file final.cif (mmCIF, C-alpha atoms)
data_my_file
loop_
_atom_site.label_atom_id
_atom_site.label_comp_id
_atom_site.auth_asym_id
_atom_site.auth_seq_id
_atom_site.Cartn_x
_atom_site.Cartn_y
_atom_site.Cartn_z
CA MET A 1 -18.93 13.63 36.20
CA GLU A 2 -18.76 17.08 34.74
CA ASN A 3 -17.84 15.80 31.28
CA HIS A 4 -21.03 13.86 30.97
CA VAL A 5 -22.64 16.22 28.48
CA ALA A 6 -23.37 14.06 25.42
CA VAL A 7 -21.79 15.41 22.25
CA GLU A 8 -24.31 15.62 19.44
CA ALA A 9 -23.10 14.05 16.23
CA LYS A 10 -23.64 16.30 13.24
CA PRO A 11 -25.88 14.95 10.47
CA VAL A 12 -24.37 12.84 7.71
CA ASP A 13 -23.51 14.56 4.46
CA LYS A 14 -24.84 12.03 1.95
CA LYS A 15 -22.88 13.55 -0.94
CA LYS A 16 -19.58 13.06 0.90
CA ILE A 17 -20.34 9.41 1.64
CA ALA A 18 -21.38 8.84 -1.97
CA LYS A 19 -18.08 10.36 -3.14
CA ILE A 20 -16.10 8.01 -0.87
CA TRP A 21 -17.85 4.95 -2.27
CA LYS A 22 -17.43 6.25 -5.80
CA VAL A 23 -13.64 6.46 -5.32
CA ALA A 24 -13.72 2.98 -3.74
CA GLY A 25 -15.56 1.72 -6.82
CA ILE A 26 -12.98 3.28 -9.15
CA LEU A 27 -10.13 1.61 -7.21
CA ALA A 28 -11.91 -1.75 -7.36
CA VAL A 29 -12.54 -1.43 -11.11
CA LEU A 30 -8.93 -0.42 -11.84
CA THR A 31 -7.65 -3.41 -9.82
CA THR A 32 -9.99 -5.72 -11.72
CA VAL A 33 -8.77 -4.29 -15.04
CA GLU A 34 -5.16 -4.95 -13.97
CA PHE A 35 -6.15 -8.49 -13.13
CA ILE A 36 -7.77 -9.02 -16.53
CA ILE A 37 -4.78 -7.52 -18.36
CA ALA A 38 -2.47 -9.94 -16.52
CA PHE A 39 -4.15 -12.86 -18.29
CA THR A 40 -5.19 -11.42 -21.64
CA ILE A 41 -2.17 -9.43 -22.80
CA GLY A 42 1.18 -11.16 -23.23
CA ALA A 43 4.15 -9.96 -21.19
CA GLY A 44 6.02 -7.10 -22.75
CA ALA A 45 6.64 -3.37 -22.72
CA ALA A 46 3.05 -2.52 -23.66
CA ARG A 47 1.61 -4.56 -20.80
CA ASN A 48 4.06 -3.11 -18.30
CA PHE A 49 3.18 0.39 -19.48
CA LEU A 50 -0.52 -0.35 -18.89
CA PHE A 51 0.22 -1.76 -15.43
CA ILE A 52 2.23 1.29 -14.42
CA ALA A 53 -0.36 3.71 -15.82
CA LEU A 54 -3.17 1.96 -13.91
CA THR A 55 -1.05 1.87 -10.74
CA LEU A 56 -0.34 5.60 -10.90
CA TRP A 57 -4.01 6.21 -11.59
CA LYS A 58 -4.95 4.29 -8.45
CA ALA A 59 -2.21 6.02 -6.46
CA PHE A 60 -3.60 9.39 -7.57
CA TYR A 61 -7.05 8.56 -6.19
CA ILE A 62 -5.69 7.21 -2.90
CA VAL A 63 -3.42 10.20 -2.28
CA SER A 64 -5.73 12.88 -3.61
CA GLU A 65 -9.06 11.71 -2.18
CA PHE A 66 -8.43 9.26 0.68
CA MET A 67 -5.41 11.10 2.03
CA HIS A 68 -7.05 14.40 1.13
CA LEU A 69 -3.89 15.85 -0.41
CA GLY A 70 -5.85 17.10 -3.43
CA HIS A 71 -7.73 19.46 -1.14
CA GLU A 72 -4.73 20.77 0.81
CA LYS A 73 -2.87 24.02 0.19
CA LYS A 74 -0.57 24.14 -2.80
CA SER A 75 2.52 24.61 -0.63
CA LEU A 76 1.77 21.34 1.19
CA LYS A 77 1.07 19.47 -2.06
CA MET A 78 4.35 20.60 -3.55
CA SER A 79 6.34 19.85 -0.37
CA ILE A 80 5.18 16.24 -0.59
CA LEU A 81 5.19 15.69 -4.35
CA LEU A 82 8.30 17.51 -5.58
CA PRO A 83 10.83 15.52 -3.45
CA LEU A 84 9.47 12.37 -5.09
CA LEU A 85 11.11 13.49 -8.34
CA PHE A 86 14.29 11.98 -6.90
CA VAL A 87 12.60 8.60 -7.14
CA ILE A 88 12.35 8.98 -10.93
CA PHE A 89 16.08 9.63 -11.07
CA LEU A 90 16.75 6.53 -8.95
CA ILE A 91 14.59 4.39 -11.24
CA PHE A 92 16.62 5.32 -14.32
CA ILE A 93 20.01 5.09 -12.68
CA LEU A 94 19.39 1.68 -11.06
CA ILE A 95 17.66 0.09 -14.05
CA TYR A 96 20.64 1.22 -16.15
CA GLN A 97 22.96 -0.25 -13.53
CA GLY A 98 21.01 -3.52 -13.54
CA SER A 99 21.33 -3.83 -17.31
CA ALA A 100 25.07 -3.09 -17.06
CA ILE A 101 25.51 -5.88 -14.50
CA TYR A 102 23.60 -8.20 -16.82
CA ASP A 103 25.85 -7.29 -19.75
CA SER A 104 28.99 -7.92 -17.72
CA LEU A 105 27.74 -11.33 -16.51
CA TYR A 106 26.07 -12.85 -19.58
CA MET B 107 -10.64 20.54 14.74
CA ALA B 108 -11.07 23.80 16.62
CA GLU B 109 -9.83 26.51 14.30
CA SER B 110 -7.32 28.79 15.96
CA ALA B 111 -8.63 32.33 15.88
CA VAL B 112 -5.44 34.07 14.83
CA VAL B 113 -5.87 37.36 13.09
CA VAL B 114 -3.33 37.70 10.31
CA GLU B 115 -2.21 41.30 10.15
CA GLU B 116 -1.71 42.98 6.84
CA ASN B 117 1.83 42.73 5.45
CA LYS B 118 2.76 40.17 8.08
CA ASN B 119 4.71 37.21 6.72
CA ILE B 120 2.67 34.05 7.29
CA TRP B 121 5.92 32.14 7.89
CA ASP B 122 6.82 34.36 10.87
CA GLY B 123 4.94 32.15 13.29
CA GLY B 124 1.60 32.19 15.05
CA VAL B 125 -0.32 30.71 12.13
CA SER B 126 -0.26 27.45 10.18
CA PRO B 127 0.78 28.51 6.67
CA MET B 128 -0.12 25.13 5.21
CA LYS B 129 -3.46 25.07 7.02
CA VAL B 130 -2.75 21.74 8.70
CA SER B 131 -1.77 21.08 12.30
CA TYR B 132 1.79 20.31 13.32
CA GLY B 133 0.96 16.65 13.90
CA LYS B 134 -0.56 16.12 10.48
CA LEU B 135 2.28 17.95 8.77
CA MET B 136 4.85 15.77 10.52
CA MET B 137 2.87 12.65 9.58
CA TRP B 138 3.08 13.78 5.95
CA PHE B 139 6.84 14.24 6.15
CA PHE B 140 7.26 10.89 7.84
CA LEU B 141 5.23 9.29 5.05
CA LEU B 142 7.42 11.06 2.48
CA SER B 143 10.52 9.51 4.04
CA ASP B 144 8.78 6.14 4.17
CA ALA B 145 7.87 6.54 0.51
CA PHE B 146 11.59 6.90 -0.26
CA THR B 147 12.32 3.71 1.66
CA PHE B 148 9.73 1.70 -0.21
CA SER B 149 10.72 3.25 -3.55
CA ALA B 150 14.31 2.22 -2.91
CA LEU B 151 13.23 -1.35 -2.11
CA LEU B 152 11.04 -1.69 -5.20
CA ILE B 153 13.63 -0.09 -7.48
CA THR B 154 16.22 -2.47 -6.03
CA TYR B 155 13.90 -5.29 -7.04
CA GLY B 156 13.87 -3.85 -10.56
CA MET B 157 17.64 -3.52 -10.66
CA ILE B 158 18.28 -7.07 -9.47
CA ARG B 159 15.66 -8.44 -11.83
CA PHE B 160 17.27 -6.60 -14.74
CA SER B 161 20.65 -8.06 -13.84
CA HIS B 162 19.27 -11.62 -14.19
CA PRO B 163 18.23 -13.32 -17.44
CA ALA B 164 14.50 -13.32 -18.14
CA PHE B 165 12.65 -16.47 -19.15
CA GLU B 166 12.52 -16.74 -22.94
CA GLY B 167 9.60 -18.68 -24.25
CA SER B 168 5.89 -19.04 -23.86
CA VAL B 169 4.29 -18.77 -20.44
CA ALA B 170 2.80 -22.25 -20.80
CA ASP B 171 6.26 -23.83 -21.06
CA PHE B 172 7.62 -22.05 -18.02
CA LYS B 173 9.51 -24.18 -15.50
CA PHE B 174 11.18 -23.02 -12.31
CA SER B 175 14.94 -22.70 -12.67
CA GLN B 176 17.86 -21.03 -10.96
CA GLU B 177 18.98 -19.82 -14.40
CA TYR B 178 16.43 -17.08 -14.90
CA TRP B 179 14.00 -14.86 -13.02
CA PRO B 180 10.61 -16.54 -12.41
CA ILE B 181 7.30 -15.32 -13.84
CA PRO B 182 5.41 -14.10 -10.74
CA GLU B 183 2.03 -15.51 -11.77
CA LYS B 184 3.66 -18.97 -11.87
CA VAL B 185 4.98 -18.55 -8.34
CA PHE B 186 1.90 -17.08 -6.68
CA GLU B 187 -0.79 -19.41 -7.93
CA ALA B 188 -1.92 -21.12 -4.76
CA PHE B 189 -5.12 -20.68 -2.86
CA PRO B 190 -6.05 -22.20 0.52
CA GLY B 191 -7.86 -25.47 0.00
CA MET B 192 -7.68 -25.33 -3.79
CA HIS B 193 -6.49 -28.92 -4.19
CA SER B 194 -9.47 -30.26 -2.29
CA LEU B 195 -11.65 -28.22 -4.67
CA GLY B 196 -9.89 -29.86 -7.62
CA ILE B 197 -8.29 -26.61 -8.83
CA GLU B 198 -4.75 -27.06 -10.14
CA SER B 199 -3.66 -23.46 -10.25
CA ALA B 200 -5.24 -20.13 -9.38
CA PRO B 201 -2.65 -17.55 -10.43
CA LEU B 202 -2.77 -14.25 -8.54
CA VAL B 203 -6.26 -14.93 -7.19
CA PHE B 204 -5.19 -14.98 -3.55
CA VAL B 205 -3.07 -11.84 -3.80
CA GLY B 206 -5.93 -10.17 -5.68
CA ILE B 207 -8.24 -10.87 -2.76
CA MET B 208 -5.62 -9.50 -0.35
CA THR B 209 -5.51 -6.32 -2.45
CA PHE B 210 -9.29 -5.94 -2.26
CA ILE B 211 -9.25 -6.48 1.51
CA LEU B 212 -6.68 -3.73 1.98
CA ILE B 213 -8.50 -1.29 -0.33
CA LEU B 214 -11.76 -1.97 1.55
CA SER B 215 -10.08 -1.35 4.91
CA SER B 216 -8.81 1.93 3.45
CA VAL B 217 -12.40 2.84 2.56
CA THR B 218 -13.64 2.08 6.08
CA MET B 219 -10.78 4.26 7.37
CA VAL B 220 -12.03 7.22 5.30
CA LEU B 221 -15.50 6.62 6.72
CA ALA B 222 -14.02 6.67 10.25
CA VAL B 223 -12.33 10.00 9.51
CA GLU B 224 -15.59 11.33 8.08
CA ALA B 225 -17.46 10.23 11.23
CA GLY B 226 -14.79 11.89 13.36
CA GLU B 227 -15.26 15.20 11.58
CA ARG B 228 -18.94 15.06 12.57
CA MET B 229 -18.04 14.20 16.21
CA ASP B 230 -19.91 10.92 15.70
CA ARG B 231 -18.32 8.69 18.35
CA LYS B 232 -20.37 5.62 17.48
CA GLY B 233 -19.45 5.98 13.82
CA VAL B 234 -15.75 6.30 14.59
CA GLU B 235 -15.86 3.19 16.78
CA LYS B 236 -17.70 1.16 14.13
CA TRP B 237 -15.51 2.11 11.16
CA MET B 238 -12.24 1.91 13.11
CA LEU B 239 -13.18 -1.61 14.17
CA TRP B 240 -13.87 -2.62 10.54
CA THR B 241 -10.51 -1.10 9.54
CA ILE B 242 -8.69 -3.08 12.22
CA LEU B 243 -10.48 -6.26 11.15
CA GLY B 244 -9.49 -5.67 7.53
CA GLY B 245 -5.88 -5.23 8.57
CA ILE B 246 -5.91 -8.42 10.61
CA MET B 247 -7.45 -10.32 7.69
CA PHE B 248 -4.75 -9.01 5.37
CA LEU B 249 -2.00 -10.07 7.79
CA GLY B 250 -3.62 -13.50 8.12
CA CYS B 251 -3.61 -13.90 4.34
CA GLN B 252 0.01 -12.82 4.20
CA ALA B 253 0.94 -15.33 6.89
CA TRP B 254 -0.64 -18.07 4.79
CA GLU B 255 1.14 -16.87 1.66
CA TRP B 256 4.52 -16.75 3.40
CA SER B 257 3.95 -20.20 4.83
CA HIS B 258 3.12 -21.60 1.39
CA PHE B 259 6.05 -19.78 -0.20
CA ILE B 260 8.49 -21.11 2.41
CA HIS B 261 7.23 -24.69 2.40
CA GLY B 262 6.90 -24.78 -1.36
CA SER B 263 5.23 -27.08 -3.82
CA ASP B 264 6.59 -30.24 -5.36
CA MET B 265 7.06 -29.06 -8.93
CA SER B 266 10.63 -27.83 -9.03
CA MET B 267 14.19 -28.99 -9.36
CA ASN B 268 17.06 -26.58 -9.37
CA ALA B 269 19.60 -26.31 -12.15
CA ILE B 270 22.09 -28.75 -10.60
CA GLY B 271 19.39 -31.35 -10.21
CA ASN B 272 18.95 -31.18 -6.47
CA ALA B 273 15.37 -30.82 -5.52
CA ILE B 274 14.83 -27.68 -3.49
CA MET B 275 11.55 -27.42 -1.71
CA GLY B 276 10.19 -24.02 -0.90
CA ALA B 277 12.31 -21.03 -0.11
CA GLY B 278 14.91 -19.85 2.34
CA LEU B 279 17.35 -16.99 2.38
CA THR B 280 20.11 -18.86 0.53
CA ALA B 281 18.15 -20.83 -2.05
CA ASN B 282 14.62 -21.30 -3.29
CA GLN B 283 12.75 -23.49 -5.74
CA TYR B 284 11.33 -20.59 -7.75
CA GLY B 285 14.43 -18.89 -9.13
CA PRO B 286 17.65 -17.09 -8.20
CA PRO B 287 18.28 -16.72 -4.42
CA ASN B 288 17.62 -12.98 -4.60
CA PHE B 289 14.05 -13.59 -5.70
CA ALA B 290 13.04 -15.04 -2.33
CA ALA B 291 15.25 -12.61 -0.42
CA LEU B 292 13.47 -9.67 -2.06
CA PHE B 293 10.08 -11.28 -1.51
CA PHE B 294 10.80 -11.63 2.21
CA PHE B 295 12.24 -8.14 2.53
CA ILE B 296 9.63 -6.19 0.55
CA THR B 297 6.43 -7.96 1.57
CA GLY B 298 7.83 -8.41 5.07
CA PHE B 299 8.60 -4.72 5.46
CA HIS B 300 5.15 -3.87 4.15
CA GLY B 301 3.56 -6.48 6.41
CA PHE B 302 5.34 -4.92 9.38
CA HIS B 303 3.82 -1.57 8.40
CA VAL B 304 0.40 -3.23 8.33
CA PHE B 305 1.09 -4.70 11.77
CA SER B 306 2.15 -1.38 13.29
CA GLY B 307 -0.82 0.27 11.55
CA ILE B 308 -3.16 -2.19 13.27
CA VAL B 309 -1.54 -1.44 16.64
CA ILE B 310 -1.84 2.34 16.15
CA ASN B 311 -5.41 1.98 14.86
CA PHE B 312 -6.27 -0.06 17.92
CA ILE B 313 -4.86 2.57 20.27
CA ILE B 314 -6.92 5.29 18.56
CA PHE B 315 -9.96 3.00 18.55
CA TYR B 316 -9.51 2.50 22.29
CA GLN B 317 -9.14 6.24 22.90
CA ALA B 318 -12.32 6.91 20.93
CA THR B 319 -14.18 4.17 22.79
CA VAL B 320 -13.36 5.44 26.27
CA GLY B 321 -14.18 8.99 25.22
CA ILE B 322 -10.71 10.54 25.32
CA LEU B 323 -11.03 11.99 21.84
CA GLU B 324 -14.54 13.29 22.49
CA ARG B 325 -13.36 15.12 25.60
CA ARG B 326 -10.48 16.53 23.59
CA GLY B 327 -13.05 18.15 21.34
CA HIS B 328 -11.81 16.78 18.02
CA TYR B 329 -10.94 13.50 16.30
CA GLU B 330 -7.77 14.61 14.57
CA MET B 331 -5.90 11.53 15.78
CA VAL B 332 -8.20 9.48 13.54
CA GLU B 333 -7.09 11.60 10.58
CA LYS B 334 -3.41 11.08 11.40
CA THR B 335 -3.65 7.33 11.80
CA GLY B 336 -5.83 7.42 8.69
CA LEU B 337 -3.01 9.01 6.70
CA TYR B 338 -0.68 6.25 7.82
CA TRP B 339 -3.20 3.53 6.98
CA HIS B 340 -3.86 4.91 3.47
CA PHE B 341 -0.12 5.04 2.90
CA VAL B 342 0.14 1.34 3.76
CA ASP B 343 -2.60 0.69 1.20
CA LEU B 344 -0.81 2.90 -1.33
CA VAL B 345 2.43 0.97 -0.91
CA TRP B 346 0.57 -2.29 -1.45
CA VAL B 347 -0.81 -0.96 -4.74
CA PHE B 348 2.79 -0.56 -5.92
CA VAL B 349 3.99 -3.87 -4.45
CA PHE B 350 1.08 -5.61 -6.16
CA THR B 351 2.07 -4.16 -9.53
CA PHE B 352 5.84 -4.49 -9.37
CA PHE B 353 6.14 -7.76 -7.51
CA TYR B 354 3.10 -9.72 -8.65
CA LEU B 355 1.97 -8.34 -12.01
CA VAL B 356 4.97 -7.09 -13.99
#
call {"tool": "encode", "arguments": {"input": "final.cif", "output": "structure tokens"}}
result
Amino acid sequence: MENHVAVEAKPVDKKKIAKIWKVAGILAVLTTVEFIIAFTIGAGAARNFLFIALTLWKAFYIVSEFMHLGHEKKSLKMSILLPLLFVIFLIFILIYQGSAIYDSLY
Amino acid sequence: MAESAVVVEENKNIWDGGVSPMKVSYGKLMMWFFLLSDAFTFSALLITYGMIRFSHPAFEGSVADFKFSQEYWPIPEKVFEAFPGMHSLGIESAPLVFVGIMTFILILSSVTMVLAVEAGERMDRKGVEKWMLWTILGGIMFLGCQAWEWSHFIHGSDMSMNAIGNAIMGAGLTANQYGPPNFAALFFFITGFHGFHVFSGIVINFIIFYQATVGILERRGHYEMVEKTGLYWHFVDLVWVFVFTFFYLV
């Protein structure tokens, strides 16, 4: 077995591990806040706005830290993020369409 | 990953070939573009949910008075309020508790995935094996929870009559006890499509776990495959964050 040379694992960078758990803690706290809001604030535009803000906040941490996109080159970041602008367009056009269907039915 | 020792000459266009202008390998770049296309798919599904919900009447009145009806869209927290064994514990309703736990399981398995990637960067085979195994376990737990939730959703509870007066129990593709037929159809499609991503993620994670265990990745000299499957796994978690908000909370 010529490949039997054991590969030495490099030492653990404690700061990096601490950062990972910090982000995990932030995600857990944000989810808990969402959960609390669901039962303390009545349904409405304000509550939905809070939900969406918290969701995007969580998404930012997952994409930027866990998926490491925040530390990639700018060209890669933009190649992934800019096409998602089309999603915003789709949201407006289909919500508008949904309301129009509602108006024609009720 | 072994850095390629390519000397970039002065005035040479970095897009002419021979170097990685975005400083990521081909495989990782293609994983990113696949995830972008998958993001469009899930966006379209969730926005469709929004559109169909907006084209149905909403329930007018206080949450306490809410009753299931085919006439209006249900309030999610009234639909997803079951928990395994809650009746034997004497609990009548536990809104969103079960799905909250599922969310935490998936976030935790995302954390163990980052730890596996971190171990891979240090060429720590034991660490990769340990954290990959935890990630796979988290995924299996999530799928198990989802199986229970689907089963409960399909079989239903005994608290609903539809608008015509016929009792409908549970949910199918043509009718359901919770609300308009599209509500259950969208539930099956969106959480089902996400669940299938979780399933394929578990399969891919297991293959990489196996390759790490038998030493294939160590002999290769880098653990980049762990990073790639990690990207996919985080994406699955990311999608769930949105499904949780737009299907269960809003």
call {"tool": "closest_residue", "arguments": {"input": "final.cif", "among": "B:Phe165, B:Ser126, B:Phe186, B:Lys118", "to": "A:Ser75", "atoms": "only C-alpha atoms"}}
result
B:Ser126
call {"tool": "interface_residues", "arguments": {"input": "final.cif", "of": "chain A", "to": "chain B", "cutoff": "7 Å", "atoms": "all atoms listed in the file", "output": "ChimeraX atom specification"}}
result
/A:9-10,24,38,48,51,55,59,62,66-67,73,75-76,80,87,91,94-95,97-99,101-102
call {"tool": "closest_residue", "arguments": {"input": "final.cif", "among": "B:Gly124, B:Gly276, B:Gly196, B:Pro180", "to": "B:Gly262", "atoms": "all atoms listed in the file"}}
result
B:Gly276
call {"tool": "closest_residue", "arguments": {"input": "final.cif", "among": "A:Val7, A:Ile52, A:Glu72, A:Phe89", "to": "B:Arg326", "atoms": "all atoms listed in the file"}}
result
A:Val7
call {"tool": "residues_near_point", "arguments": {"input": "final.cif", "point": "(11.8, -20.0, -12.5)", "cutoff": "12 Å", "atoms": "all atoms listed in the file", "output": "number ranges by chain"}}
result
B: 162-166, 169, 171-186, 265-269, 282-287, 289-290
call {"tool": "write_last_selection", "arguments": {"input": "final.cif", "atoms": "C-alpha atoms", "output": "PDB file, in the frame of the given file"}}
result
ATOM      1  CA  HIS B 162      19.270 -11.620 -14.190  1.00  0.00           C
ATOM      2  CA  PRO B 163      18.230 -13.320 -17.440  1.00  0.00           C
ATOM      3  CA  ALA B 164      14.500 -13.320 -18.140  1.00  0.00           C
ATOM      4  CA  PHE B 165      12.650 -16.470 -19.150  1.00  0.00           C
ATOM      5  CA  GLU B 166      12.520 -16.740 -22.940  1.00  0.00           C
ATOM      6  CA  VAL B 169       4.290 -18.770 -20.440  1.00  0.00           C
ATOM      7  CA  ASP B 171       6.260 -23.830 -21.060  1.00  0.00           C
ATOM      8  CA  PHE B 172       7.620 -22.050 -18.020  1.00  0.00           C
ATOM      9  CA  LYS B 173       9.510 -24.180 -15.500  1.00  0.00           C
ATOM     10  CA  PHE B 174      11.180 -23.020 -12.310  1.00  0.00           C
ATOM     11  CA  SER B 175      14.940 -22.700 -12.670  1.00  0.00           C
ATOM     12  CA  GLN B 176      17.860 -21.030 -10.960  1.00  0.00           C
ATOM     13  CA  GLU B 177      18.980 -19.820 -14.400  1.00  0.00           C
ATOM     14  CA  TYR B 178      16.430 -17.080 -14.900  1.00  0.00           C
ATOM     15  CA  TRP B 179      14.000 -14.860 -13.020  1.00  0.00           C
ATOM     16  CA  PRO B 180      10.610 -16.540 -12.410  1.00  0.00           C
ATOM     17  CA  ILE B 181       7.300 -15.320 -13.840  1.00  0.00           C
ATOM     18  CA  PRO B 182       5.410 -14.100 -10.740  1.00  0.00           C
ATOM     19  CA  GLU B 183       2.030 -15.510 -11.770  1.00  0.00           C
ATOM     20  CA  LYS B 184       3.660 -18.970 -11.870  1.00  0.00           C
ATOM     21  CA  VAL B 185       4.980 -18.550  -8.340  1.00  0.00           C
ATOM     22  CA  PHE B 186       1.900 -17.080  -6.680  1.00  0.00           C
ATOM     23  CA  MET B 265       7.060 -29.060  -8.930  1.00  0.00           C
ATOM     24  CA  SER B 266      10.630 -27.830  -9.030  1.00  0.00           C
ATOM     25  CA  MET B 267      14.190 -28.990  -9.360  1.00  0.00           C
ATOM     26  CA  ASN B 268      17.060 -26.580  -9.370  1.00  0.00           C
ATOM     27  CA  ALA B 269      19.600 -26.310 -12.150  1.00  0.00           C
ATOM     28  CA  ASN B 282      14.620 -21.300  -3.290  1.00  0.00           C
ATOM     29  CA  GLN B 283      12.750 -23.490  -5.740  1.00  0.00           C
ATOM     30  CA  TYR B 284      11.330 -20.590  -7.750  1.00  0.00           C
ATOM     31  CA  GLY B 285      14.430 -18.890  -9.130  1.00  0.00           C
ATOM     32  CA  PRO B 286      17.650 -17.090  -8.200  1.00  0.00           C
ATOM     33  CA  PRO B 287      18.280 -16.720  -4.420  1.00  0.00           C
ATOM     34  CA  PHE B 289      14.050 -13.590  -5.700  1.00  0.00           C
ATOM     35  CA  ALA B 290      13.040 -15.040  -2.330  1.00  0.00           C
TER      36      ALA B 290
END
call {"tool": "closest_residue", "arguments": {"input": "final.cif", "among": "B:Met136, B:Ala170, B:Leu279, B:Ile308", "to": "A:Gly42", "atoms": "all atoms listed in the file"}}
result
B:Ala170
call {"tool": "closest_residue", "arguments": {"input": "final.cif", "among": "B:Gly133, B:Gly245, B:Gly278, B:Gly298", "to": "B:His261", "atoms": "only C-alpha atoms"}}
result
B:Gly278
call {"tool": "closest_residue", "arguments": {"input": "final.cif", "among": "B:Leu323, B:Leu151, B:Leu212, B:Ala318", "to": "B:Leu249", "atoms": "all atoms listed in the file"}}
result
B:Leu212
call {"tool": "atom_distance", "arguments": {"input": "final.cif", "atom1": "atom CA of A:Lys19", "atom2": "atom CA of A:Ile36"}}
result
25.7 Å
call {"tool": "atom_distance", "arguments": {"input": "final.cif", "atom1": "atom CA of B:Ala200", "atom2": "atom CA of B:Phe302"}}
result
26.4 Å
call {"tool": "resolve_selection", "arguments": {"input": "final.cif", "expression": "the PyMOL selection byres ((chain B and resi 253) around 12)", "output": "list in words"}}
result
Pro190, Val205, Met208, Ile246, Met247, Phe248, Leu249, Gly250, Cys251, Gln252, Trp254, Glu255, Trp256, Ser257, His258, Phe259, Ile260, Phe294, Thr297, Gly298, Gly301, Phe302 and Phe305 of chain B
call {"tool": "write_last_selection", "arguments": {"input": "final.cif", "atoms": "C-alpha atoms", "output": "short mmCIF file (atom, residue, chain, number, x, y, z; two decimals), in the frame of the given file"}}
result
data_model
loop_
_atom_site.label_atom_id
_atom_site.label_comp_id
_atom_site.auth_asym_id
_atom_site.auth_seq_id
_atom_site.Cartn_x
_atom_site.Cartn_y
_atom_site.Cartn_z
CA PRO B 190 -6.05 -22.20 0.52
CA VAL B 205 -3.07 -11.84 -3.80
CA MET B 208 -5.62 -9.50 -0.35
CA ILE B 246 -5.91 -8.42 10.61
CA MET B 247 -7.45 -10.32 7.69
CA PHE B 248 -4.75 -9.01 5.37
CA LEU B 249 -2.00 -10.07 7.79
CA GLY B 250 -3.62 -13.50 8.12
CA CYS B 251 -3.61 -13.90 4.34
CA GLN B 252 0.01 -12.82 4.20
CA TRP B 254 -0.64 -18.07 4.79
CA GLU B 255 1.14 -16.87 1.66
CA TRP B 256 4.52 -16.75 3.40
CA SER B 257 3.95 -20.20 4.83
CA HIS B 258 3.12 -21.60 1.39
CA PHE B 259 6.05 -19.78 -0.20
CA ILE B 260 8.49 -21.11 2.41
CA PHE B 294 10.80 -11.63 2.21
CA THR B 297 6.43 -7.96 1.57
CA GLY B 298 7.83 -8.41 5.07
CA GLY B 301 3.56 -6.48 6.41
CA PHE B 302 5.34 -4.92 9.38
CA PHE B 305 1.09 -4.70 11.77
#
call {"tool": "atom_distance", "arguments": {"input": "final.cif", "atom1": "atom CA of A:Thr32", "atom2": "atom CA of A:Leu54"}}
result
10.5 Å
call {"tool": "axis_aligned_box", "arguments": {"input": "final.cif", "around": "stretch 85-95 of chain A", "padding_each_side": "5 Å", "output": "lines of an AutoDock Vina configuration file"}}
result
center_x = 15.6
center_y = 6.8
center_z = -10.6
size_x = 18.9
size_y = 23.4
size_z = 17.4
call {"tool": "resolve_selection", "arguments": {"input": "final.cif", "expression": "the PyMOL selection byres ((chain B and resi 311) around 9)", "output": "list in words"}}
result
Met238, Leu239, Thr241, Ile242, Ser306, Gly307, Ile308, Val309, Ile310, Phe312, Ile313, Ile314, Phe315, Tyr316, Val332, Thr335, Gly336 and Trp339 of chain B
call {"tool": "decode", "arguments": {"input": "final.cif", "residues": "stretch 240-247 of chain B", "atoms": "N, CA, C and O atoms", "output": "PDB file, in the first residue's frame"}}
result
ATOM      1  N   TRP B 240     -23.605  13.372  11.186  1.00  0.00           N
ATOM      2  CA  TRP B 240     -24.621  14.157  11.890  1.00  0.00           C
ATOM      3  C   TRP B 240     -25.549  14.847  10.889  1.00  0.00           C
ATOM      4  O   TRP B 240     -26.761  14.934  11.097  1.00  0.00           O
ATOM      5  N   THR B 241     -24.960  15.360   9.792  1.00  0.00           N
ATOM      6  CA  THR B 241     -25.776  16.047   8.780  1.00  0.00           C
ATOM      7  C   THR B 241     -26.791  15.096   8.172  1.00  0.00           C
ATOM      8  O   THR B 241     -27.971  15.431   8.009  1.00  0.00           O
ATOM      9  N   ILE B 242     -26.321  13.879   7.854  1.00  0.00           N
ATOM     10  CA  ILE B 242     -27.214  12.882   7.257  1.00  0.00           C
ATOM     11  C   ILE B 242     -28.329  12.525   8.241  1.00  0.00           C
ATOM     12  O   ILE B 242     -29.508  12.444   7.871  1.00  0.00           O
ATOM     13  N   LEU B 243     -27.950  12.369   9.508  1.00  0.00           N
ATOM     14  CA  LEU B 243     -28.954  12.044  10.527  1.00  0.00           C
ATOM     15  C   LEU B 243     -30.004  13.151  10.631  1.00  0.00           C
ATOM     16  O   LEU B 243     -31.203  12.881  10.707  1.00  0.00           O
ATOM     17  N   GLY B 244     -29.545  14.404  10.626  1.00  0.00           N
ATOM     18  CA  GLY B 244     -30.470  15.530  10.680  1.00  0.00           C
ATOM     19  C   GLY B 244     -31.439  15.494   9.508  1.00  0.00           C
ATOM     20  O   GLY B 244     -32.645  15.708   9.672  1.00  0.00           O
ATOM     21  N   GLY B 245     -30.914  15.215   8.326  1.00  0.00           N
ATOM     22  CA  GLY B 245     -31.767  15.139   7.142  1.00  0.00           C
ATOM     23  C   GLY B 245     -32.808  14.042   7.261  1.00  0.00           C
ATOM     24  O   GLY B 245     -33.978  14.233   6.927  1.00  0.00           O
ATOM     25  N   ILE B 246     -32.377  12.880   7.770  1.00  0.00           N
ATOM     26  CA  ILE B 246     -33.313  11.761   7.910  1.00  0.00           C
ATOM     27  C   ILE B 246     -34.392  12.107   8.936  1.00  0.00           C
ATOM     28  O   ILE B 246     -35.579  11.819   8.745  1.00  0.00           O
ATOM     29  N   MET B 247     -33.982  12.777  10.025  1.00  0.00           N
ATOM     30  CA  MET B 247     -34.968  13.189  11.035  1.00  0.00           C
ATOM     31  C   MET B 247     -35.986  14.142  10.433  1.00  0.00           C
ATOM     32  O   MET B 247     -37.189  14.025  10.662  1.00  0.00           O
TER      33      MET B 247
END
